[in-house]
Amino acid sequence: MPKELMNNKDIDRAITRMAHEIIEKNKGIEGLCLVGIQRGGVYLAQRLAEKITRIEKKEIPAGSLDIAFYRDDLNIRKEQPLVRRTEISFEINDLKIVLVDDVLFTGRSIRAAMDALMDIGRPALIQLAVLIDRGHRELPIKADYVGKNIPTALSETVVAQFAEQGLEDRVILEKTEEQ
């Protein structure tokens, strides 16, 4: 039975707080953009962009990034990667990019996302915003903005669900099936 860790109100509060933290740390939004990692990160980046736009009364650019071919497990995965779209309609050179993802785990997806961004251009800096940090890092990657830290066991999985997927906004903890 999955355990609910965050409901829709918890998620909204976390996104609101993160939006304020992003604005504060960057002293406004000049030269700032958001790039969400497909899929959950894209939904979060869009929501953060909406919150920041409401707060600052100025639109902030947001895009989406597919990392399917940048993953370091391509040659050991049983299934083919599901390729989604990268949509970044603005020049990223010399911009401050907030990379957005739903769950931070080993750090490997974030490394892949940074590689993908570097193939597109040369940002001034990259920051990381995640809804959930569940620990168990395999690479030296740390989020700048975290919605919630949730210590987990390796035998557990954290799943972020979003209304944009036709689901109820929530974050759940599931036990992984033994193999």
# chains A, B, ... in the order shown; residues from 1 in each chain; ligands from 1
call {"tool": "select_by_dssp", "arguments": {"residues": "region 73-136 of chain A", "states": "strand (DSSP E)", "output": "list in words"}}
result
Lys96, Ile97, Val98, Leu99, Val100, Asp101, Asp102, Val103, Leu104, Leu125, Ile126, Gln127, Leu128, Ala129, Val130, Leu131, Ile132 and Asp133 of chain A
call {"tool": "write_last_selection", "arguments": {"atoms": "C-alpha atoms", "output": "short mmCIF file (atom, residue, chain, number, x, y, z; two decimals), in the first residue's frame"}}
result
data_model
loop_
_atom_site.label_atom_id
_atom_site.label_comp_id
_atom_site.auth_asym_id
_atom_site.auth_seq_id
_atom_site.Cartn_x
_atom_site.Cartn_y
_atom_site.Cartn_z
CA LYS A 96 21.26 31.63 -15.14
CA ILE A 97 19.41 28.34 -15.52
CA VAL A 98 17.38 26.69 -12.80
CA LEU A 99 17.20 23.04 -13.77
CA VAL A 100 13.99 21.52 -12.36
CA ASP A 101 13.20 17.88 -11.57
CA ASP A 102 10.60 16.09 -9.49
CA VAL A 103 12.71 13.60 -7.48
CA LEU A 104 16.46 13.77 -6.81
CA LEU A 125 25.42 29.10 -14.10
CA ILE A 126 23.15 26.17 -13.39
CA GLN A 127 21.14 25.79 -10.20
CA LEU A 128 18.96 22.84 -9.25
CA ALA A 129 15.38 22.82 -7.93
CA VAL A 130 13.68 19.56 -6.95
CA LEU A 131 10.36 18.80 -5.34
CA ILE A 132 11.75 15.80 -3.43
CA ASP A 133 15.29 14.95 -2.34
#
call {"tool": "residues_around", "arguments": {"residues": "Asp10 (chain A)", "least_positions_apart": "2", "cutoff": "10 Å", "atoms": "only C-alpha atoms", "output": "list in words"}}
result
Leu5, Met6, Asn7, Asn8, Asp12, Arg13, Ala14, Ile15, Thr16, Gly147, Lys148, Asp169, Arg170 and Val171 of chain A
call {"tool": "write_last_selection", "arguments": {"atoms": "all heavy atoms", "output": "tab-separated table (two decimals), in the first residue's frame"}}
result
chain	number	residue	atom	x	y	z
A	5	LEU	N	3.04	11.05	0.92
A	5	LEU	CA	4.01	11.92	1.60
A	5	LEU	C	3.64	13.40	1.46
A	5	LEU	O	3.95	14.20	2.34
A	5	LEU	CB	5.41	11.69	1.01
A	5	LEU	CG	5.93	10.26	1.09
A	5	LEU	CD1	7.24	10.14	0.32
A	5	LEU	CD2	6.12	9.85	2.55
A	6	MET	N	3.03	13.75	0.33
A	6	MET	CA	2.59	15.13	0.09
A	6	MET	C	1.28	15.08	-0.68
A	6	MET	O	1.14	14.28	-1.60
A	6	MET	CB	3.63	15.90	-0.75
A	6	MET	CG	4.96	16.14	-0.07
A	6	MET	SD	6.13	17.00	-1.17
A	6	MET	CE	5.65	18.71	-0.86
A	7	ASN	N	0.36	15.98	-0.32
A	7	ASN	CA	-0.87	16.09	-1.09
A	7	ASN	C	-0.79	17.35	-1.95
A	7	ASN	O	0.25	18.02	-1.99
A	7	ASN	CB	-2.10	16.10	-0.16
A	7	ASN	CG	-2.10	17.28	0.80
A	7	ASN	OD1	-1.57	18.35	0.52
A	7	ASN	ND2	-2.70	17.08	1.96
A	8	ASN	N	-1.88	17.70	-2.63
A	8	ASN	CA	-1.84	18.83	-3.56
A	8	ASN	C	-1.52	20.15	-2.85
A	8	ASN	O	-0.80	20.99	-3.38
A	8	ASN	CB	-3.13	18.93	-4.38
A	8	ASN	CG	-4.36	19.14	-3.52
A	8	ASN	OD1	-4.37	18.87	-2.32
A	8	ASN	ND2	-5.41	19.61	-4.14
A	12	ASP	N	1.75	22.54	-3.56
A	12	ASP	CA	1.59	23.95	-3.90
A	12	ASP	C	2.37	24.84	-2.95
A	12	ASP	O	3.03	25.80	-3.37
A	12	ASP	CB	0.11	24.33	-3.92
A	12	ASP	CG	-0.09	25.73	-4.47
A	12	ASP	OD1	0.31	25.98	-5.63
A	12	ASP	OD2	-0.64	26.58	-3.73
A	13	ARG	N	2.31	24.55	-1.65
A	13	ARG	CA	3.08	25.34	-0.67
A	13	ARG	C	4.58	25.24	-0.94
A	13	ARG	O	5.31	26.23	-0.87
A	13	ARG	CB	2.77	24.87	0.76
A	13	ARG	CG	1.52	25.49	1.35
A	13	ARG	CD	1.44	25.24	2.85
A	13	ARG	NE	1.26	23.83	3.18
A	13	ARG	CZ	0.08	23.22	3.24
A	13	ARG	NH1	-1.03	23.88	3.01
A	13	ARG	NH2	0.01	21.95	3.55
A	14	ALA	N	5.06	24.04	-1.24
A	14	ALA	CA	6.48	23.83	-1.52
A	14	ALA	C	6.91	24.62	-2.76
A	14	ALA	O	7.96	25.26	-2.77
A	14	ALA	CB	6.78	22.35	-1.69
A	15	ILE	N	6.07	24.60	-3.80
A	15	ILE	CA	6.40	25.33	-5.03
A	15	ILE	C	6.41	26.83	-4.76
A	15	ILE	O	7.30	27.55	-5.25
A	15	ILE	CB	5.42	24.95	-6.16
A	15	ILE	CG1	5.66	23.50	-6.59
A	15	ILE	CG2	5.56	25.89	-7.36
A	15	ILE	CD1	4.62	22.93	-7.53
A	16	THR	N	5.47	27.33	-3.98
A	16	THR	CA	5.42	28.75	-3.64
A	16	THR	C	6.70	29.16	-2.89
A	16	THR	O	7.32	30.18	-3.21
A	16	THR	CB	4.18	29.07	-2.78
A	16	THR	OG1	3.01	28.74	-3.54
A	16	THR	CG2	4.14	30.53	-2.37
A	147	GLY	N	11.85	21.13	-2.26
A	147	GLY	CA	10.51	21.19	-1.71
A	147	GLY	C	10.41	20.45	-0.39
A	147	GLY	O	9.89	20.96	0.60
A	148	LYS	N	10.96	19.22	-0.37
A	148	LYS	CA	10.93	18.42	0.85
A	148	LYS	C	12.02	17.36	0.79
A	148	LYS	O	12.21	16.72	-0.23
A	148	LYS	CB	9.56	17.75	1.00
A	148	LYS	CG	9.36	17.03	2.30
A	148	LYS	CD	7.91	16.62	2.49
A	148	LYS	CE	7.74	16.01	3.87
A	148	LYS	NZ	6.34	15.87	4.23
A	169	ASP	N	-2.59	15.50	-7.85
A	169	ASP	CA	-1.29	15.97	-7.37
A	169	ASP	C	-0.96	15.31	-6.03
A	169	ASP	O	-1.70	15.48	-5.05
A	169	ASP	CB	-1.31	17.49	-7.13
A	169	ASP	CG	-1.10	18.29	-8.39
A	169	ASP	OD1	-0.78	17.70	-9.44
A	169	ASP	OD2	-1.22	19.52	-8.32
A	170	ARG	N	0.11	14.54	-5.99
A	170	ARG	CA	0.56	13.96	-4.73
A	170	ARG	C	1.92	13.30	-4.92
A	170	ARG	O	2.34	13.02	-6.04
A	170	ARG	CB	-0.45	12.98	-4.16
A	170	ARG	CG	-0.67	11.73	-4.98
A	170	ARG	CD	-1.81	10.90	-4.40
A	170	ARG	NE	-1.82	9.58	-5.00
A	170	ARG	CZ	-2.07	8.46	-4.36
A	170	ARG	NH1	-2.33	8.47	-3.07
A	170	ARG	NH2	-2.07	7.30	-4.98
A	171	VAL	N	2.58	13.08	-3.81
A	171	VAL	CA	3.83	12.34	-3.80
A	171	VAL	C	3.61	11.14	-2.90
A	171	VAL	O	3.12	11.27	-1.77
A	171	VAL	CB	5.00	13.20	-3.26
A	171	VAL	CG1	6.28	12.37	-3.17
A	171	VAL	CG2	5.21	14.43	-4.13
call {"tool": "closest_residue", "arguments": {"among": "A:Ile88, A:Leu48, A:Val42, A:Leu34", "to": "Gln165 (chain A)", "atoms": "only C-alpha atoms"}}
result
A:Val42
call {"tool": "atom_distance", "arguments": {"atom1": "CA of Ile120 (chain A)", "atom2": "CA of Phe162 (chain A)"}}
result
27.9 Å
call {"tool": "residues_around", "arguments": {"residues": "His136 (chain A)", "least_positions_apart": "5", "cutoff": "12 Å", "atoms": "only C-alpha atoms", "output": "number ranges by chain"}}
result
A: 103-108, 141-142, 149-157
call {"tool": "write_last_selection", "arguments": {"atoms": "N, CA, C and O atoms", "output": "JSON list (two decimals), in the first residue's frame"}}
result
[["chain", "number", "residue", "atom", "x", "y", "z"],
["A", 103, "VAL", "N", 12.08, 14.36, -8.57],
["A", 103, "VAL", "CA", 12.71, 13.60, -7.48],
["A", 103, "VAL", "C", 14.22, 13.50, -7.73],
["A", 103, "VAL", "O", 14.64, 13.06, -8.80],
["A", 104, "LEU", "N", 15.00, 13.91, -6.75],
["A", 104, "LEU", "CA", 16.46, 13.77, -6.81],
["A", 104, "LEU", "C", 16.83, 12.51, -6.03],
["A", 104, "LEU", "O", 16.48, 12.36, -4.86],
["A", 105, "PHE", "N", 17.53, 11.61, -6.71],
["A", 105, "PHE", "CA", 17.90, 10.32, -6.12],
["A", 105, "PHE", "C", 19.41, 10.17, -6.21],
["A", 105, "PHE", "O", 20.13, 10.73, -5.41],
["A", 106, "THR", "N", 19.92, 9.48, -7.21],
["A", 106, "THR", "CA", 21.36, 9.21, -7.31],
["A", 106, "THR", "C", 22.15, 10.40, -7.84],
["A", 106, "THR", "O", 23.35, 10.51, -7.62],
["A", 107, "GLY", "N", 21.47, 11.29, -8.57],
["A", 107, "GLY", "CA", 22.15, 12.44, -9.19],
["A", 107, "GLY", "C", 22.50, 12.18, -10.65],
["A", 107, "GLY", "O", 22.92, 13.09, -11.36],
["A", 108, "ARG", "N", 22.31, 10.97, -11.12],
["A", 108, "ARG", "CA", 22.70, 10.64, -12.50],
["A", 108, "ARG", "C", 21.84, 11.34, -13.55],
["A", 108, "ARG", "O", 22.33, 11.73, -14.59],
["A", 141, "ILE", "N", 26.18, 15.79, -6.31],
["A", 141, "ILE", "CA", 25.19, 16.75, -6.79],
["A", 141, "ILE", "C", 24.26, 17.08, -5.63],
["A", 141, "ILE", "O", 23.78, 16.19, -4.94],
["A", 142, "LYS", "N", 24.02, 18.39, -5.44],
["A", 142, "LYS", "CA", 23.17, 18.86, -4.35],
["A", 142, "LYS", "C", 22.21, 19.90, -4.89],
["A", 142, "LYS", "O", 22.59, 20.77, -5.66],
["A", 149, "ASN", "N", 12.75, 17.21, 1.90],
["A", 149, "ASN", "CA", 13.71, 16.12, 2.04],
["A", 149, "ASN", "C", 12.98, 14.93, 2.63],
["A", 149, "ASN", "O", 12.33, 15.05, 3.67],
["A", 150, "ILE", "N", 13.10, 13.78, 1.97],
["A", 150, "ILE", "CA", 12.42, 12.58, 2.44],
["A", 150, "ILE", "C", 13.44, 11.44, 2.44],
["A", 150, "ILE", "O", 13.73, 10.86, 1.40],
["A", 151, "PRO", "N", 14.00, 11.13, 3.61],
["A", 151, "PRO", "CA", 14.94, 10.00, 3.67],
["A", 151, "PRO", "C", 14.20, 8.71, 3.33],
["A", 151, "PRO", "O", 13.09, 8.48, 3.80],
["A", 152, "THR", "N", 14.81, 7.90, 2.48],
["A", 152, "THR", "CA", 14.18, 6.66, 2.04],
["A", 152, "THR", "C", 15.15, 5.49, 2.15],
["A", 152, "THR", "O", 16.36, 5.68, 2.26],
["A", 153, "ALA", "N", 14.60, 4.31, 2.10],
["A", 153, "ALA", "CA", 15.41, 3.10, 1.97],
["A", 153, "ALA", "C", 15.58, 2.82, 0.48],
["A", 153, "ALA", "O", 14.77, 3.25, -0.34],
["A", 154, "LEU", "N", 16.62, 2.11, 0.14],
["A", 154, "LEU", "CA", 16.82, 1.75, -1.27],
["A", 154, "LEU", "C", 15.71, 0.86, -1.78],
["A", 154, "LEU", "O", 15.46, 0.79, -2.98],
["A", 155, "SER", "N", 15.01, 0.17, -0.88],
["A", 155, "SER", "CA", 13.91, -0.71, -1.28],
["A", 155, "SER", "C", 12.61, 0.05, -1.49],
["A", 155, "SER", "O", 11.56, -0.56, -1.70],
["A", 156, "GLU", "N", 12.66, 1.38, -1.43],
["A", 156, "GLU", "CA", 11.47, 2.20, -1.63],
["A", 156, "GLU", "C", 11.61, 3.05, -2.88],
["A", 156, "GLU", "O", 12.72, 3.31, -3.35],
["A", 157, "THR", "N", 10.48, 3.47, -3.41],
["A", 157, "THR", "CA", 10.44, 4.35, -4.58],
["A", 157, "THR", "C", 9.56, 5.54, -4.25],
["A", 157, "THR", "O", 8.49, 5.37, -3.65]]
call {"tool": "atom_distance", "arguments": {"atom1": "CA of Glu174 (chain A)", "atom2": "CA of Arg17 (chain A)"}}
result
26.1 Å
call {"tool": "closest_residue", "arguments": {"among": "A:Lys58, A:Glu21, A:Ser64, A:Lys175", "to": "Val35 (chain A)", "atoms": "only C-alpha atoms"}}
result
A:Ser64
call {"tool": "select_by_dssp", "arguments": {"residues": "region 12-171 of chain A", "states": "alpha helix (DSSP H)", "output": "PyMOL selection string"}}
result
chain A and resi 12-25+40-56+108-120
call {"tool": "residues_around", "arguments": {"residues": "Asn93 (chain A)", "least_positions_apart": "6", "cutoff": "12 Å", "atoms": "only C-alpha atoms", "output": "list in words"}}
result
Gly31, Leu32, Cys33, Leu117, Met118, Asp119, Ile120, Gly121, Arg122, Pro123, Ala124, Leu125 and Ile126 of chain A
call {"tool": "write_last_selection", "arguments": {"atoms": "C-alpha atoms", "output": "compact mmCIF listing (two decimals), in the first residue's frame"}}
result
# COMPACT_ATOMS: atom_id res chain seq x y z
CA GLY A 31 18.83 36.73 -16.86
CA LEU A 32 17.08 33.79 -15.22
CA CYS A 33 15.19 30.90 -16.85
CA LEU A 117 22.33 21.66 -21.58
CA MET A 118 26.03 22.06 -22.39
CA ASP A 119 25.36 20.64 -25.86
CA ILE A 120 22.79 23.41 -26.38
CA GLY A 121 24.87 26.32 -25.11
CA ARG A 122 26.98 27.75 -22.30
CA PRO A 123 24.91 29.04 -19.38
CA ALA A 124 26.38 31.52 -16.89
CA LEU A 125 25.42 29.10 -14.10
CA ILE A 126 23.15 26.17 -13.39
call {"tool": "closest_residue", "arguments": {"among": "A:Lys25, A:Lys9, A:Lys57, A:His20", "to": "Asp144 (chain A)", "atoms": "only C-alpha atoms"}}
result
A:Lys25
call {"tool": "atom_distance", "arguments": {"atom1": "CA of Gly135 (chain A)", "atom2": "CA of Ser109 (chain A)"}}
result
13.6 Å
call {"tool": "decode", "arguments": {"residues": "region 26-37 of chain A", "atoms": "all heavy atoms", "output": "compact mmCIF listing (two decimals), in the first residue's frame"}}
result
# COMPACT_ATOMS: atom_id res chain seq x y z
N ASN A 26 18.60 34.82 -6.44
CA ASN A 26 19.08 35.40 -7.70
C ASN A 26 18.86 36.91 -7.78
O ASN A 26 19.08 37.51 -8.82
CB ASN A 26 18.40 34.69 -8.88
CG ASN A 26 18.91 33.27 -9.02
OD1 ASN A 26 20.02 33.04 -9.47
ND2 ASN A 26 18.10 32.32 -8.58
N LYS A 27 18.40 37.50 -6.65
CA LYS A 27 18.15 38.94 -6.57
C LYS A 27 17.24 39.42 -7.71
O LYS A 27 17.55 40.37 -8.42
CB LYS A 27 19.47 39.72 -6.55
CG LYS A 27 20.33 39.40 -5.34
CD LYS A 27 21.66 40.10 -5.41
CE LYS A 27 22.56 39.89 -4.23
NZ LYS A 27 22.57 38.67 -3.52
N GLY A 28 16.14 38.69 -7.89
CA GLY A 28 15.21 38.99 -8.97
C GLY A 28 15.28 37.91 -10.03
O GLY A 28 15.84 36.83 -9.80
N ILE A 29 14.75 38.23 -11.21
CA ILE A 29 14.71 37.21 -12.27
C ILE A 29 15.44 37.65 -13.54
O ILE A 29 15.34 36.98 -14.57
CB ILE A 29 13.26 36.81 -12.60
CG1 ILE A 29 12.44 38.00 -13.10
CG2 ILE A 29 12.60 36.15 -11.40
CD1 ILE A 29 11.09 37.60 -13.68
N GLU A 30 16.19 38.72 -13.47
CA GLU A 30 16.94 39.19 -14.64
C GLU A 30 17.96 38.12 -15.06
O GLU A 30 18.75 37.64 -14.25
CB GLU A 30 17.66 40.50 -14.31
CG GLU A 30 18.24 41.19 -15.51
CD GLU A 30 17.16 41.66 -16.49
OE1 GLU A 30 16.09 42.11 -16.03
OE2 GLU A 30 17.39 41.54 -17.70
N GLY A 31 17.89 37.72 -16.33
CA GLY A 31 18.83 36.73 -16.86
C GLY A 31 18.59 35.33 -16.36
O GLY A 31 19.45 34.46 -16.47
N LEU A 32 17.40 35.08 -15.82
CA LEU A 32 17.08 33.79 -15.22
C LEU A 32 16.06 33.05 -16.08
O LEU A 32 15.16 33.66 -16.65
CB LEU A 32 16.50 34.02 -13.82
CG LEU A 32 16.27 32.80 -12.93
CD1 LEU A 32 17.61 32.18 -12.51
CD2 LEU A 32 15.49 33.21 -11.68
N CYS A 33 16.19 31.72 -16.17
CA CYS A 33 15.19 30.90 -16.85
C CYS A 33 15.08 29.56 -16.14
O CYS A 33 15.96 29.18 -15.37
CB CYS A 33 15.55 30.71 -18.33
SG CYS A 33 17.04 29.75 -18.59
N LEU A 34 14.00 28.86 -16.42
CA LEU A 34 13.76 27.55 -15.83
C LEU A 34 13.75 26.51 -16.94
O LEU A 34 13.21 26.75 -18.02
CB LEU A 34 12.39 27.51 -15.13
CG LEU A 34 12.14 28.55 -14.05
CD1 LEU A 34 10.70 28.47 -13.57
CD2 LEU A 34 13.08 28.37 -12.89
N VAL A 35 14.36 25.35 -16.68
CA VAL A 35 14.35 24.25 -17.64
C VAL A 35 13.98 22.98 -16.87
O VAL A 35 14.71 22.55 -15.98
CB VAL A 35 15.71 24.07 -18.34
CG1 VAL A 35 15.69 22.84 -19.24
CG2 VAL A 35 16.08 25.31 -19.14
N GLY A 36 12.82 22.41 -17.23
CA GLY A 36 12.34 21.21 -16.57
C GLY A 36 12.80 19.96 -17.29
O GLY A 36 12.79 19.90 -18.52
N ILE A 37 13.20 18.96 -16.51
CA ILE A 37 13.60 17.67 -17.07
C ILE A 37 12.33 16.86 -17.31
O ILE A 37 11.48 16.74 -16.43
CB ILE A 37 14.55 16.93 -16.12
CG1 ILE A 37 15.82 17.74 -15.88
CG2 ILE A 37 14.88 15.53 -16.66
CD1 ILE A 37 16.74 17.17 -14.82
